[in-house]
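So this block is work13.cif, mmCIF, C-alpha atoms and all ligand atoms:
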data_start
loop_
_atom_site.label_atom_id
_atom_site.label_comp_id
_atom_site.auth_asym_id
_atom_site.auth_seq_id
_atom_site.Cartn_x
_atom_site.Cartn_y
_atom_site.Cartn_z
CA MET A 1 -70.91 -5.85 -13.30
CA SER A 2 -70.37 -5.26 -17.03
CA MET A 3 -67.42 -3.20 -18.21
CA ARG A 4 -69.75 -0.45 -19.25
CA GLY A 5 -71.57 -0.56 -15.93
CA PHE A 6 -68.28 -0.41 -14.13
CA LEU A 7 -67.01 2.56 -16.08
CA LEU A 8 -70.23 4.47 -15.66
CA PHE A 9 -70.12 3.66 -11.97
CA SER A 10 -66.65 5.11 -11.56
CA PHE A 11 -67.98 8.17 -13.36
CA LEU A 12 -70.81 8.47 -10.87
CA ALA A 13 -68.94 7.50 -7.70
CA ALA A 14 -68.18 11.10 -6.77
CA VAL A 15 -71.85 11.93 -7.21
CA ALA A 16 -72.99 9.08 -4.96
CA ALA A 17 -70.58 10.16 -2.23
CA PHE A 18 -72.10 13.61 -2.37
CA SER A 19 -75.74 12.56 -2.19
CA ALA A 20 -75.04 10.44 0.90
CA VAL A 21 -74.13 13.67 2.68
CA GLY A 22 -76.75 15.95 1.10
CA GLY A 23 -79.89 13.85 1.02
CA ASP A 24 -82.11 16.78 0.05
CA ASP A 25 -85.03 15.71 -2.16
CA ALA A 26 -84.58 18.24 -4.95
CA LEU A 27 -80.85 17.56 -5.16
CA GLY A 28 -81.53 13.84 -5.27
CA ARG A 29 -83.98 14.42 -8.12
CA GLY A 30 -81.45 16.64 -9.89
CA ARG A 31 -78.74 14.01 -9.59
CA GLN A 32 -81.20 11.43 -10.93
CA ILE A 33 -81.95 13.53 -14.00
CA TYR A 34 -78.20 13.92 -14.56
CA ALA A 35 -77.76 10.12 -14.50
CA ASP A 36 -81.03 9.17 -16.26
CA THR A 37 -80.72 7.28 -19.55
CA GLN A 38 -84.50 7.27 -20.17
CA ASP A 39 -84.67 3.45 -20.23
CA PHE A 40 -81.27 3.15 -21.90
CA GLU A 41 -82.65 4.64 -25.08
CA TYR A 42 -80.78 7.92 -24.93
CA PRO A 43 -77.52 9.04 -23.36
CA SER A 44 -77.63 10.51 -19.86
CA CYS A 45 -75.75 13.71 -19.03
CA ALA A 46 -73.37 11.31 -17.22
CA HIS A 47 -72.53 9.47 -20.44
CA CYS A 48 -71.06 12.67 -21.84
CA HIS A 49 -70.16 14.96 -18.91
CA ALA A 50 -68.19 14.18 -15.73
CA THR A 51 -68.86 16.12 -12.53
CA VAL A 52 -65.40 16.15 -10.95
CA SER A 53 -62.71 18.82 -11.19
CA PRO A 54 -60.88 19.14 -14.52
CA GLU A 55 -57.74 17.63 -12.92
CA GLN A 56 -59.66 14.61 -11.65
CA ALA A 57 -61.56 14.33 -14.93
CA GLN A 58 -58.22 13.89 -16.77
CA ARG A 59 -57.60 10.76 -14.70
CA LEU A 60 -61.01 9.12 -15.26
CA THR A 61 -61.09 5.91 -17.28
CA LEU A 62 -63.91 7.36 -19.34
CA ARG A 63 -63.74 10.53 -21.33
CA GLY A 64 -67.09 11.68 -22.61
CA PRO A 65 -67.52 14.12 -25.49
CA GLY A 66 -68.69 16.92 -23.17
CA GLY A 67 -66.50 18.76 -20.67
CA THR A 68 -66.86 18.32 -16.90
CA LEU A 69 -69.84 20.12 -15.36
CA TYR A 70 -67.74 21.01 -12.33
CA GLY A 71 -68.13 24.74 -11.76
CA SER A 72 -70.33 24.95 -14.85
CA ALA A 73 -73.19 26.75 -13.04
CA ARG A 74 -70.81 29.59 -12.15
CA ARG A 75 -69.72 30.43 -15.68
CA GLU A 76 -70.21 33.86 -17.22
CA GLY A 77 -71.63 32.27 -20.34
CA TRP A 78 -72.01 28.94 -22.09
CA ARG A 79 -71.14 27.31 -25.37
CA ASN A 80 -69.23 30.36 -26.50
CA ARG A 81 -72.43 32.30 -26.76
CA LYS A 82 -73.22 35.27 -24.63
CA SER A 83 -76.88 34.76 -25.51
CA TYR A 84 -77.24 32.04 -22.88
CA LYS A 85 -77.79 33.90 -19.64
CA GLU A 86 -78.21 30.86 -17.45
CA ILE A 87 -77.12 27.28 -17.37
CA GLY A 88 -80.75 26.12 -17.38
CA THR A 89 -81.06 27.51 -20.92
CA ALA A 90 -77.62 26.40 -22.11
CA LEU A 91 -78.25 22.76 -21.24
CA GLN A 92 -81.50 22.55 -23.27
CA TYR A 93 -79.48 22.13 -26.44
CA CYS A 94 -78.05 18.84 -25.14
CA ALA A 95 -81.42 17.71 -23.74
CA LYS A 96 -83.22 18.29 -27.04
CA THR A 97 -80.49 17.28 -29.47
CA TRP A 98 -78.97 14.11 -28.08
CA GLN A 99 -81.44 13.12 -25.39
CA ARG A 100 -84.38 13.68 -27.73
CA ARG A 101 -86.45 15.34 -25.02
CA LYS A 102 -88.82 17.20 -27.33
CA LYS A 103 -89.62 19.95 -24.86
CA GLY A 104 -86.25 19.91 -23.15
CA ILE A 105 -86.15 19.80 -19.37
CA ARG A 106 -88.69 22.02 -17.67
CA GLY A 107 -90.42 23.08 -14.47
CA ASP A 108 -89.48 21.37 -11.21
CA ASP A 109 -87.19 18.96 -13.04
CA LEU A 110 -85.17 21.84 -14.42
CA LYS A 111 -85.01 23.54 -11.02
CA ALA A 112 -83.81 20.30 -9.43
CA LEU A 113 -81.19 19.73 -12.13
CA VAL A 114 -79.86 23.28 -11.89
CA ALA A 115 -79.80 23.06 -8.06
CA TYR A 116 -77.73 19.91 -8.42
CA LEU A 117 -75.36 21.48 -10.99
CA GLU A 118 -74.86 24.41 -8.60
CA THR A 119 -73.40 22.02 -6.02
CA LEU A 120 -70.64 20.91 -8.44
CA GLY A 121 -67.51 22.95 -7.83
CA ALA A 122 -69.51 25.51 -5.89
CA GLY A 123 -67.58 28.58 -4.75
CA GLU A 124 -67.37 32.33 -4.80
CA GLY A 125 -67.41 34.41 -7.95
CA LYS A 126 -67.88 33.72 -11.64
CA LEU A 127 -65.75 31.52 -13.86
CA PRO A 128 -64.99 32.49 -17.46
CA ALA A 129 -67.03 30.90 -20.25
CA ARG A 130 -65.24 27.94 -21.78
CA ARG A 131 -64.10 28.62 -25.29
CA VAL A 132 -65.26 25.58 -27.19
CA LYS A 133 -64.79 25.79 -30.92
CA ARG A 134 -67.01 23.93 -33.32
CA PRO A 135 -64.98 20.95 -34.54
CA LYS A 136 -63.58 21.17 -38.05
CA PRO A 137 -64.05 18.15 -40.30
CA LEU A 138 -61.20 15.67 -40.08
CA LYS A 139 -59.91 15.91 -43.65
CA ASP A 140 -56.90 13.69 -43.36
CA TYR A 141 -57.87 10.63 -41.37
CA GLY A 142 -55.13 8.28 -42.54
CA GLY A 143 -51.73 7.71 -40.98
CA GLY A 144 -52.80 7.13 -37.38
CA ASP A 145 -51.17 4.66 -35.01
CA ALA A 146 -53.48 1.72 -34.23
CA ALA A 147 -51.47 0.72 -31.14
CA LYS A 148 -52.06 4.16 -29.65
CA GLY A 149 -55.71 4.12 -30.69
CA LYS A 150 -56.56 0.84 -28.98
CA PRO A 151 -56.47 2.10 -25.36
CA LEU A 152 -58.30 5.32 -26.35
CA VAL A 153 -61.34 3.34 -27.50
CA VAL A 154 -62.04 2.68 -23.80
CA TRP A 155 -63.36 6.27 -23.78
CA CYS A 156 -66.12 5.21 -26.16
CA SER A 157 -67.11 2.16 -24.08
CA GLY A 158 -69.34 4.14 -21.72
CA CYS A 159 -71.85 4.01 -24.59
CA HIS A 160 -70.51 1.35 -26.97
CA GLY A 161 -70.41 -2.01 -25.24
CA ASP A 162 -71.60 -5.60 -25.34
CA ALA A 163 -73.75 -5.52 -22.17
CA ASP A 164 -77.51 -5.96 -22.71
CA ASP A 165 -78.18 -2.47 -21.40
CA SER A 166 -75.46 -0.83 -23.47
CA LEU A 167 -76.59 2.28 -25.23
CA SER A 168 -75.00 1.30 -28.53
CA PHE A 169 -73.19 -1.46 -30.43
CA LYS A 170 -69.75 -2.67 -29.40
CA LEU A 171 -66.98 -1.13 -31.49
CA ILE A 172 -65.03 -3.90 -33.23
CA PRO A 173 -61.78 -3.20 -35.11
CA GLY A 174 -62.12 -3.35 -38.90
CA LYS A 175 -65.93 -3.01 -38.97
CA LYS A 176 -66.61 0.65 -39.66
CA ARG A 177 -65.31 2.58 -42.63
CA LYS A 178 -62.67 5.17 -41.86
CA ASP A 179 -64.61 8.00 -43.46
CA VAL A 180 -67.71 7.11 -41.41
CA LEU A 181 -65.65 7.20 -38.21
CA ALA A 182 -64.02 10.49 -39.19
CA ARG A 183 -67.39 12.12 -39.89
CA LYS A 184 -69.11 10.76 -36.80
CA LEU A 185 -66.39 11.88 -34.40
CA ARG A 186 -66.65 15.47 -35.64
CA GLY A 187 -70.40 15.59 -36.29
CA TYR A 188 -70.40 15.95 -40.09
CA ASP A 189 -72.62 14.31 -42.68
CA THR A 190 -71.61 12.86 -46.07
CA LYS A 191 -71.91 16.30 -47.71
CA ARG A 192 -69.53 17.79 -45.16
CA ARG A 193 -72.28 19.72 -43.42
CA PHE A 194 -72.05 20.07 -39.64
CA LYS A 195 -75.01 17.99 -38.41
CA PRO A 196 -74.61 17.48 -34.68
CA GLU A 197 -78.28 16.55 -34.35
CA GLN A 198 -77.94 13.44 -36.52
CA GLY A 199 -78.09 10.47 -34.19
CA THR A 200 -77.81 10.54 -30.43
CA MET A 201 -74.03 10.55 -30.23
CA SER A 202 -72.60 14.05 -30.03
CA TYR A 203 -69.48 15.24 -31.82
CA TYR A 204 -66.14 15.49 -30.05
CA THR A 205 -64.60 18.94 -30.13
CA GLN A 206 -60.84 19.19 -30.68
CA ASP A 207 -60.25 19.86 -26.99
CA ARG A 208 -62.00 16.62 -26.00
CA LEU A 209 -60.38 14.53 -28.74
CA SER A 210 -57.44 15.91 -30.69
CA ASP A 211 -57.05 15.25 -34.42
CA GLU A 212 -54.10 13.01 -33.62
CA GLU A 213 -56.15 10.97 -31.12
CA ALA A 214 -59.00 10.73 -33.63
CA ARG A 215 -56.60 9.45 -36.32
CA ASP A 216 -55.17 6.85 -33.92
CA ILE A 217 -58.67 5.63 -33.05
CA ILE A 218 -59.55 5.47 -36.75
CA ALA A 219 -56.37 3.51 -37.50
CA TYR A 220 -57.38 0.97 -34.85
CA LEU A 221 -61.12 0.72 -35.59
CA GLY A 222 -61.43 1.59 -39.25
CA ARG A 223 -61.36 -0.39 -42.45
C1 LIG B 301 -74.34 12.91 -26.18
C2 LIG B 301 -73.50 13.70 -25.32
C3 LIG B 301 -74.11 14.75 -24.44
C4 LIG B 301 -75.20 14.63 -23.60
C5 LIG B 301 -76.12 13.45 -23.42
C6 LIG B 301 -75.29 15.88 -22.88
N1 LIG B 301 -74.32 16.74 -23.30
FE1 LIG B 301 -74.00 18.61 -22.61
N2 LIG B 301 -72.58 18.91 -24.07
C7 LIG B 301 -72.11 17.95 -24.93
C8 LIG B 301 -71.16 18.56 -25.83
C9 LIG B 301 -70.41 17.82 -26.94
C10 LIG B 301 -71.08 19.92 -25.49
C11 LIG B 301 -70.27 21.03 -26.16
C12 LIG B 301 -68.83 20.85 -26.02
C13 LIG B 301 -68.32 20.93 -24.59
O1 LIG B 301 -68.87 21.67 -23.76
O2 LIG B 301 -67.28 20.29 -24.31
C14 LIG B 301 -71.98 20.11 -24.36
C15 LIG B 301 -72.17 21.30 -23.67
C16 LIG B 301 -72.89 21.45 -22.50
C17 LIG B 301 -72.95 22.65 -21.70
C18 LIG B 301 -72.22 23.93 -22.01
C19 LIG B 301 -70.85 23.86 -21.41
C20 LIG B 301 -70.11 25.17 -21.46
O3 LIG B 301 -69.35 25.41 -20.52
O4 LIG B 301 -70.26 25.92 -22.42
C21 LIG B 301 -73.71 22.37 -20.59
C22 LIG B 301 -74.03 23.30 -19.44
C23 LIG B 301 -74.17 21.00 -20.72
N3 LIG B 301 -73.66 20.47 -21.89
C24 LIG B 301 -74.96 20.34 -19.80
C25 LIG B 301 -75.55 19.10 -20.04
C26 LIG B 301 -76.56 18.50 -19.16
C27 LIG B 301 -77.02 19.06 -17.84
C28 LIG B 301 -76.95 17.33 -19.78
C29 LIG B 301 -78.04 16.38 -19.34
C30 LIG B 301 -79.36 16.96 -19.20
C31 LIG B 301 -76.15 17.21 -21.01
N4 LIG B 301 -75.34 18.30 -21.13
C32 LIG B 301 -76.25 16.13 -21.89
C33 LIG B 301 -72.49 16.63 -24.94
C34 LIG B 301 -73.58 16.10 -24.25
C1 LIG B 302 -72.57 9.38 -25.33
C2 LIG B 302 -72.53 8.05 -25.88
C3 LIG B 302 -71.52 7.76 -26.94
C4 LIG B 302 -70.15 7.93 -26.89
C5 LIG B 302 -69.33 8.47 -25.77
C6 LIG B 302 -69.65 7.45 -28.16
N1 LIG B 302 -70.69 7.01 -28.94
FE1 LIG B 302 -70.59 6.39 -30.86
N2 LIG B 302 -72.60 6.20 -30.97
C7 LIG B 302 -73.44 6.36 -29.90
C8 LIG B 302 -74.81 6.03 -30.32
C9 LIG B 302 -76.03 6.05 -29.40
C10 LIG B 302 -74.73 5.68 -31.68
C11 LIG B 302 -75.88 5.26 -32.61
C12 LIG B 302 -76.76 6.42 -32.93
C13 LIG B 302 -76.01 7.50 -33.69
O1 LIG B 302 -75.58 7.26 -34.82
O2 LIG B 302 -75.82 8.58 -33.13
C14 LIG B 302 -73.32 5.80 -32.06
C15 LIG B 302 -72.84 5.57 -33.32
C16 LIG B 302 -71.50 5.50 -33.65
C17 LIG B 302 -70.98 5.15 -34.97
C18 LIG B 302 -71.82 4.76 -36.20
C19 LIG B 302 -71.93 5.88 -37.19
C20 LIG B 302 -72.61 5.41 -38.46
O3 LIG B 302 -73.14 6.28 -39.16
O4 LIG B 302 -72.61 4.21 -38.75
C21 LIG B 302 -69.62 5.16 -34.87
C22 LIG B 302 -68.62 4.86 -35.98
C23 LIG B 302 -69.28 5.55 -33.51
N3 LIG B 302 -70.44 5.75 -32.81
C24 LIG B 302 -67.99 5.66 -33.03
C25 LIG B 302 -67.66 6.12 -31.74
C26 LIG B 302 -66.31 6.25 -31.24
C27 LIG B 302 -65.05 5.89 -32.03
C28 LIG B 302 -66.41 6.75 -29.98
C29 LIG B 302 -65.30 7.11 -29.01
C30 LIG B 302 -64.26 7.99 -29.47
C31 LIG B 302 -67.82 6.91 -29.67
N4 LIG B 302 -68.54 6.50 -30.77
C32 LIG B 302 -68.33 7.41 -28.50
C33 LIG B 302 -73.12 6.79 -28.65
C34 LIG B 302 -71.85 7.17 -28.23
#
Represent the supplied structure as structure tokens.
Amino acid sequence: MSMRGFLLFSFLAAVAAFSAVGGDDALGRGRQIYADTQDFEYPSCAHCHATVSPEQAQRLTLRGPGGTLYGSARREGWRNRKSYKEIGTALQYCAKTWQRRKKGIRGDDLKALVAYLETLGAGEGKLPARRVKRPKPLKDYGGGDAAKGKPLVVWCSGCHGDADDSLSFKLIPGKKRKDVLARKLRGYDTKRRFKPEQGTMSYYTQDRLSDEEARDIIAYLGR
């Protein structure tokens, strides 16, 4: 199994264990939509979001740009916006923006996906909306520690690898310009406009990747 395949597998292991017990058709379909890469063209929900508890997610080898979806169906609101009344609406942004599903996820597929999300961290009562701030541009991207950055780049390898079915190119130290890395990690374009819809890789918010971690990664990968 390729490194990327292995990492993605460890990401999905908890999901597989669940479906062996559940076995319900709609839940199986929902889990499939969560894991679907659409022929390895676009990232799956699983490339970006884990499904295990926040404590377990901290220990995963991979750290995607999105937070864990554990308990996400029970939140009072999503993406800092009270305007999203249900998770089925909140997730359309991801489906359209980075998965390039023109019409988002609809109908029975949406029902199945939401039914699956409801099984993650299910319990009584509502959970507070996560406060996720829009990332600020990384102005000062020099001065990082390459030795610290090297192990962090494993987080990127769920998508960037050398396997044939990898979603994107392998990240090689010294190849990409530091300013390009700095912009990409925070979702900004060359004119310092926030453009999260450019490309199929999402930005990392500060709570998923701190400025210090970003600088260390840039010191290791950048030129
Ligand atoms: C390319 C990466 C990426 C993909 C693919 C992706 N997401 Fe997201 N998602 C994000 C980021 C980044 C955020 C906003 C920051 C965060 O929540 O940590 C987000 C936010 C969300 C939120 C809001 C979380 C909250 O508590 O406010 C939900 C729900 C969500 N995604 C579900 C999904 C589902 C379901 C899929 C698959 C259909 C999906 N996402 C695909 C990256 C992604
Ligand atoms: C969810 C999958 C995913 C993750 C996780 C991810 N990337 Fe990417 N990345 C992509 C894809 C797909 C592209 C090519 C399309 C695009 O530009 O969005 C890309 C493009 C890039 C580029 C090229 C930007 C340019 O304009 O030339 C850089 C640099 C990059 N990624 C760095 C990283 C680093 C560093 C990490 C880890 C901290 C990371 N990526 C994590 C999917 C991902």
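The closest residue to Arg31 of chain A, picked from A:Leu62, A:Ala50, A:Ala112, A:Ile218 and counting only C-alpha atoms, is A:Ala112.
Of the listed residues A:Leu209, A:Ala214, A:Ala73, A:Cys94, the one whose atoms come nearest to Gly123 of chain A is A:Ala73, with distances taken using all atoms listed in the file.
The shortest atom-to-atom distance to Ile87 of chain A, with all atoms listed in the file taken into account, belongs to A:Tyr116 out of A:Lys136, A:Gly64, A:Tyr116, A:Gln99.
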Near-ligand residues for ligand LIG 302 (chain B), threshold 9 Å, only C-alpha atoms and all ligand atoms, as a VMD selection string: chain A and resid 41 to 49 62 to 66 98 152 to 160 167 to 169 171 175 to 178 180 to 185 189 197 to 204 209 213 to 214 217 to 218 221 to 222
Can you work out the spacing between atom CA of Tyr188 of chain A and atom CA of Ala129 of chain A in Å, to one decimal? 25.1 Å
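Using all atoms listed in the file for every distance, the candidate list A:Val52, A:Ala57, A:Leu27, A:Leu110 yields A:Leu110 as the residue closest to ligand LIG 301 (chain B).
Between atom CA of Gly174 of chain A and atom CA of Arg223 of chain A the separation is 4.7 Å.
Comparing the minimum interatomic distances between Glu212 of chain A and each of A:Pro54, A:Gly144, A:Pro135, A:Gly121, counting only C-alpha atoms, we find that A:Gly144 sits nearest.
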Choose the residue, out of A:Asp39, A:Thr205, A:Pro151, A:Thr119, that has the smallest atom-to-atom separation from ligand LIG 301 (chain B); count only C-alpha atoms and all ligand atoms. A:Thr205
For Arg106 of chain A: contacts at 12 Å, all atoms listed in the file, fewer than 6 positions along chain excluded, given as a compact mmCIF listing (two decimals) with C-alpha atoms, keeping the file's coordinate frame:
# COMPACT_ATOMS: atom_id res chain seq x y z
CA GLY A 30 -81.45 16.64 -9.89
CA ILE A 33 -81.95 13.53 -14.00
CA GLY A 88 -80.75 26.12 -17.38
CA THR A 89 -81.06 27.51 -20.92
CA LEU A 91 -78.25 22.76 -21.24
CA GLN A 92 -81.50 22.55 -23.27
CA ALA A 95 -81.42 17.71 -23.74
CA LYS A 96 -83.22 18.29 -27.04
CA ALA A 112 -83.81 20.30 -9.43
CA LEU A 113 -81.19 19.73 -12.13
CA VAL A 114 -79.86 23.28 -11.89
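Reported to one decimal place, the separation of atom CA of Gly67 of chain A from atom N1 of ligand LIG 301 (chain B) is 8.5 Å.
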Quick one: axis-aligned box around all listed atoms of ligand LIG 301 (chain B), 3 Å on every side, centre and edge lengths in Å to one decimal, written as JSON.
{"center_x": -73.3, "center_y": 19.4, "center_z": -22.4, "size_x": 18.1, "size_y": 19.0, "size_z": 15.1}
